[in-house]
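Colleague: Following this message is one structure expressed as structure tokens.
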Amino acid sequence: MKKFEQPKTTKSEDGVDFISNMPDSILLLILSFLFFTEEVIQTSILSRRWRYLWTSIPSLDLFSRFHREDKLKTDEFKDFVFWVLANRSGDLYRFSLDCYDHYSMSTVRRWIHMAVTRNVKQLQLTFYPEEENEDVELPHCLVTCCSLEALMLDFNYRGLKLPNIIGFPGLKDLYLAYVDLRDGNVVKGFLESCPSLEYLGLLDCMLCKLDVLCISSPKLKKLSILNVALMDDGQSGGVKISCPKLVDLELRGLVAINFFFECLDSLNKAGIEPKLTGNIKSVLFPGISHVEYLWIDLYFFSQCINVACNPALPNLKTLALITALDAFTMDELIRILKYYPKLESLKLIVKEEFDGPEERELHEGDARKMMTPDVKKVEFFEFKGEKPKLVLDWHEVTIMEMVFSWGTKAKYFSYNRL
């Protein structure tokens, strides 16, 4: 019988393990896979080689995982954050701090200042004062930080104030989540203070007191405004976007009642799915006329076409239409597609909520009206395990008939035209 052999250890002949003999760059890469800084610091007890290694990790992720009423824990975490920042060696690439309402604004400002003195490039902060009506004012040192390139703020619907100075000289990415932006000067102040801004993201921010939210930035390349968790008080009167370098645009949820687009000469991709009530006065055209990929609510798109003098999109290659079944008719779809004869890919996304028949058919005559010679692909959904019917005339290579079967859950299904 073969004798069982113990696995070989990872130690060399002098008793030092091979991992500890690796270069600092490799060990720091290993430590970077640990999610929380507390876990990284615990490796300091492994050996002398690891004792101070954590002080050189490029990122700090600190998270207060306890209730604010636990005074002992809050004091321990406070001392821990100060100790970690004080013992840093070298510059700090990213500083992420989730402290909620556990600490005073003065304490948080001191932590931010310590990160700024270490030339932080990315800062993520989740914090809000205990009083709901108290705004958060960003410290002077953060606004004037020359090394800062990305800023992510989550304030749990508290207001935001900026110092009355010009700042953020190197900021490229700005992400605001759950911030009360009903004072329109905040967004305006950020845009005016960020000459190098390339990305702006707003997630579930309150905009309801704004008549018009104006977003104008000379270098902005990507804009995302998602208000999917708010009720009607999160919606502004209108959004006006004027960004000549904008390439990617996403607007979804209770963003605004009306939209106005201008100077979007670089726009390539747009996703527009607003939750609207009442009459639509939005002006899409000619603002988005350069777009190649468009993901848009069918009803909203139809209304914008109705009020447009010229709804042309000469560069459009892919069109994705989102609709509810009770708002969808084949006649309306065919009417829209007539404006875009050079379309290469069509996607129809039907939302789950609907009342009506479980099957609709597109017959040969309608199919010929719907499909253009340039269409290369049609994509839709598979419902209840039933594949949609597709009949092709291989002599003419034209889609002759489609049957859409509706259900509660959708599986993506596609056909490619050869």
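Identifiers for the structure tokens are assigned positionally: chains receive A, B, ... in sequence, residues are indexed from 1 per chain, and ligands are indexed from 1 in the order shown.
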Mind the document's chain letters and residue numbers, and return as a PyMOL selection string the residues of range 275-319 of chain A that DSSP labels strand (DSSP E or B).
Modeller: chain A and resi 283+293-297+318-319
Colleague: Suppose we keep N, CA and C atoms; can you now write the selection as a tab-separated table (two decimals), in the first residue's frame?
Modeller:
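out37.tsv written:
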chain	number	residue	atom	x	y	z
A	283	VAL	N	-38.03	68.48	-25.58
A	283	VAL	CA	-37.44	68.74	-26.89
A	283	VAL	C	-36.22	67.84	-27.04
A	293	TYR	N	-26.85	54.70	-30.60
A	293	TYR	CA	-27.56	53.71	-29.79
A	293	TYR	C	-28.55	54.45	-28.89
A	294	LEU	N	-29.84	54.10	-29.01
A	294	LEU	CA	-30.86	54.78	-28.23
A	294	LEU	C	-31.74	53.77	-27.51
A	295	TRP	N	-31.80	53.87	-26.19
A	295	TRP	CA	-32.65	53.05	-25.33
A	295	TRP	C	-33.66	54.00	-24.73
A	296	ILE	N	-34.96	53.88	-25.05
A	296	ILE	CA	-35.90	54.93	-24.70
A	296	ILE	C	-37.30	54.38	-24.47
A	297	ASP	N	-38.04	55.05	-23.60
A	297	ASP	CA	-39.44	54.71	-23.36
A	297	ASP	C	-40.26	54.99	-24.60
A	318	THR	N	-28.97	51.28	-33.51
A	318	THR	CA	-29.67	50.39	-32.59
A	318	THR	C	-30.72	51.17	-31.82
A	319	LEU	N	-31.96	50.67	-31.85
A	319	LEU	CA	-33.06	51.31	-31.13
A	319	LEU	C	-33.70	50.28	-30.21
Colleague: Kindly provide the residues of range 162-220 of chain A that approach range 134-138 of chain A to within 9 Å, each paired with its closest atom pair and their distance in Å to one decimal, based on only C-alpha atoms, listed by chain and increasing number, as CSV.
Modeller:
residue,atom,partner,partner_atom,distance
A:Leu162,CA,A:Leu138,CA,5.7
A:Pro163,CA,A:Leu138,CA,6.9
A:Asp180,CA,A:Asp135,CA,8.9
Colleague: Using only C-alpha atoms, which residues of range 163-250 of chain A come within 12 Å of range 115-133 of chain A, and what is the closest atom pair for each, with the distance in Å to one decimal? Give it as a tab-separated table, sorted by chain and residue number.
Modeller:
residue	atom	partner	partner_atom	distance
A:Phe168	CA	A:Lys121	CA	11.5
A:Gly170	CA	A:Lys121	CA	9.3
A:Leu171	CA	A:Lys121	CA	8.8
A:Lys172	CA	A:Gln122	CA	10.1
A:Asp173	CA	A:Gln122	CA	9.0
A:Leu174	CA	A:Leu123	CA	10.0
A:Tyr175	CA	A:Gln124	CA	9.1
A:Leu176	CA	A:Gln124	CA	10.0
A:Ala177	CA	A:Thr126	CA	9.2
A:Tyr178	CA	A:Thr126	CA	9.9
A:Val179	CA	A:Tyr128	CA	9.9
A:Asp180	CA	A:Asn133	CA	10.3
Colleague: Just write the chosen residues, N, CA, C and O atoms, as a PDB file, in the first residue's frame.
Modeller:
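Contents of selection23.pdb, freshly written:
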ATOM      1  N   PHE A 168     -11.814  72.280  -6.715  1.00  0.00           N
ATOM      2  CA  PHE A 168     -11.801  71.018  -7.446  1.00  0.00           C
ATOM      3  C   PHE A 168     -11.031  71.142  -8.767  1.00  0.00           C
ATOM      4  O   PHE A 168     -11.557  70.842  -9.839  1.00  0.00           O
ATOM      5  N   GLY A 170      -8.706  69.355 -10.151  1.00  0.00           N
ATOM      6  CA  GLY A 170      -8.418  68.135 -10.897  1.00  0.00           C
ATOM      7  C   GLY A 170      -9.538  67.114 -10.891  1.00  0.00           C
ATOM      8  O   GLY A 170      -9.352  65.993 -11.376  1.00  0.00           O
ATOM      9  N   LEU A 171     -10.728  67.473 -10.377  1.00  0.00           N
ATOM     10  CA  LEU A 171     -11.823  66.505 -10.247  1.00  0.00           C
ATOM     11  C   LEU A 171     -12.371  66.113 -11.620  1.00  0.00           C
ATOM     12  O   LEU A 171     -12.773  66.958 -12.414  1.00  0.00           O
ATOM     13  N   LYS A 172     -12.423  64.782 -11.874  1.00  0.00           N
ATOM     14  CA  LYS A 172     -12.934  64.264 -13.140  1.00  0.00           C
ATOM     15  C   LYS A 172     -14.253  63.513 -12.965  1.00  0.00           C
ATOM     16  O   LYS A 172     -15.086  63.522 -13.874  1.00  0.00           O
ATOM     17  N   ASP A 173     -14.442  62.837 -11.830  1.00  0.00           N
ATOM     18  CA  ASP A 173     -15.644  62.035 -11.585  1.00  0.00           C
ATOM     19  C   ASP A 173     -16.342  62.536 -10.330  1.00  0.00           C
ATOM     20  O   ASP A 173     -15.728  62.610  -9.256  1.00  0.00           O
ATOM     21  N   LEU A 174     -17.646  62.833 -10.448  1.00  0.00           N
ATOM     22  CA  LEU A 174     -18.447  63.271  -9.311  1.00  0.00           C
ATOM     23  C   LEU A 174     -19.712  62.423  -9.254  1.00  0.00           C
ATOM     24  O   LEU A 174     -20.462  62.344 -10.230  1.00  0.00           O
ATOM     25  N   TYR A 175     -19.939  61.785  -8.102  1.00  0.00           N
ATOM     26  CA  TYR A 175     -21.100  60.916  -7.919  1.00  0.00           C
ATOM     27  C   TYR A 175     -21.798  61.317  -6.627  1.00  0.00           C
ATOM     28  O   TYR A 175     -21.223  61.241  -5.545  1.00  0.00           O
ATOM     29  N   LEU A 176     -23.054  61.766  -6.746  1.00  0.00           N
ATOM     30  CA  LEU A 176     -23.850  62.179  -5.592  1.00  0.00           C
ATOM     31  C   LEU A 176     -25.029  61.232  -5.448  1.00  0.00           C
ATOM     32  O   LEU A 176     -25.819  61.057  -6.378  1.00  0.00           O
ATOM     33  N   ALA A 177     -25.169  60.617  -4.260  1.00  0.00           N
ATOM     34  CA  ALA A 177     -26.254  59.682  -3.992  1.00  0.00           C
ATOM     35  C   ALA A 177     -27.038  60.146  -2.765  1.00  0.00           C
ATOM     36  O   ALA A 177     -26.444  60.483  -1.739  1.00  0.00           O
ATOM     37  N   TYR A 178     -28.365  60.182  -2.909  1.00  0.00           N
ATOM     38  CA  TYR A 178     -29.257  60.509  -1.794  1.00  0.00           C
ATOM     39  C   TYR A 178     -28.896  61.870  -1.187  1.00  0.00           C
ATOM     40  O   TYR A 178     -28.768  62.024   0.032  1.00  0.00           O
ATOM     41  N   VAL A 179     -28.749  62.855  -2.045  1.00  0.00           N
ATOM     42  CA  VAL A 179     -28.421  64.212  -1.620  1.00  0.00           C
ATOM     43  C   VAL A 179     -29.594  65.122  -1.967  1.00  0.00           C
ATOM     44  O   VAL A 179     -30.209  64.998  -3.036  1.00  0.00           O
ATOM     45  N   ASP A 180     -29.930  66.025  -1.052  1.00  0.00           N
ATOM     46  CA  ASP A 180     -30.980  67.009  -1.303  1.00  0.00           C
ATOM     47  C   ASP A 180     -30.393  68.130  -2.151  1.00  0.00           C
ATOM     48  O   ASP A 180     -29.603  68.950  -1.668  1.00  0.00           O
TER      49      ASP A 180
END
Colleague: In Å to one decimal, how far is CA of Gly238 in chain A from CA of Leu337 in chain A?
Modeller: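 CA of Gly238 in chain A lies 27.5 Å from CA of Leu337 in chain A.
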Colleague: What's around Gln303 in chain A at 12 Å? Count only C-alpha atoms, leave out sequence neighbours fewer than 4 positions away in its own chain, and write the answer as a PyMOL selection string.
Modeller: chain A and resi 258+276+278-285+296-299+307-308+311+332+336
Colleague: Once you have the residues from the selection above, write them out as a PDB file, in the first residue's frame, restricted to C-alpha atoms.
Modeller:
ATOM      1  CA  ASN A 258     -39.646  67.940 -19.307  1.00  0.00           C
ATOM      2  CA  LEU A 276     -43.878  60.885 -16.498  1.00  0.00           C
ATOM      3  CA  GLY A 278     -49.332  64.762 -17.821  1.00  0.00           C
ATOM      4  CA  ASN A 279     -48.452  66.497 -21.075  1.00  0.00           C
ATOM      5  CA  ILE A 280     -44.932  66.167 -22.410  1.00  0.00           C
ATOM      6  CA  LYS A 281     -43.167  69.259 -23.711  1.00  0.00           C
ATOM      7  CA  SER A 282     -39.702  67.773 -24.008  1.00  0.00           C
ATOM      8  CA  VAL A 283     -37.442  68.738 -26.886  1.00  0.00           C
ATOM      9  CA  LEU A 284     -35.307  65.780 -27.956  1.00  0.00           C
ATOM     10  CA  PHE A 285     -34.628  66.919 -31.492  1.00  0.00           C
ATOM     11  CA  ILE A 296     -35.902  54.933 -24.701  1.00  0.00           C
ATOM     12  CA  ASP A 297     -39.436  54.706 -23.357  1.00  0.00           C
ATOM     13  CA  LEU A 298     -41.800  54.134 -26.284  1.00  0.00           C
ATOM     14  CA  TYR A 299     -44.556  56.496 -25.103  1.00  0.00           C
ATOM     15  CA  VAL A 307     -43.958  67.778 -31.325  1.00  0.00           C
ATOM     16  CA  ALA A 308     -40.721  67.715 -33.341  1.00  0.00           C
ATOM     17  CA  PRO A 311     -37.310  63.862 -35.638  1.00  0.00           C
ATOM     18  CA  GLU A 332     -47.472  53.035 -33.288  1.00  0.00           C
ATOM     19  CA  ILE A 336     -41.996  55.351 -35.388  1.00  0.00           C
TER      20      ILE A 336
END
Colleague: Fewer than 2 positions away in the same chain doesn't count, so skip those; otherwise give me all residues within 10 Å of Leu333 in chain A, counting only C-alpha atoms, as a count of residues only.
Modeller: 13
Colleague: Can you list, as a ChimeraX atom specification, every protein, DNA or RNA residue that comes within 10 Å of Ile165 in chain A when you count only C-alpha atoms, leaving out same-chain residues fewer than 3 positions away?
Modeller: /A:140,143-144,162,168,189,193
Colleague: CA of Leu92 in chain A to CA of Pro58 in chain A: how many Å, to one decimal?
Modeller: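 Separating CA of Leu92 in chain A from CA of Pro58 in chain A is a distance of 5.4 Å.
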Colleague: As an exercise, work out the distance from CA of Leu249 in chain A to CA of Arg182 in chain A in Å and give it to one decimal place.
Modeller: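 Rounded to one decimal, the two atoms are 21.8 Å apart.
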Colleague: From a DSSP calculation on the backbone, collect every residue of range 119-360 of chain A in alpha helix (DSSP H) and output the set as an MDAnalysis selection string.
Modeller: chainID A and resid 140:143 185:193 298:307 330:337
Colleague: Could you check which of A:Lys240, A:Lys219, A:Arg88, A:Lys78 is closest to Tyr103 in chain A, using only C-alpha atoms?
Modeller: A:Lys78
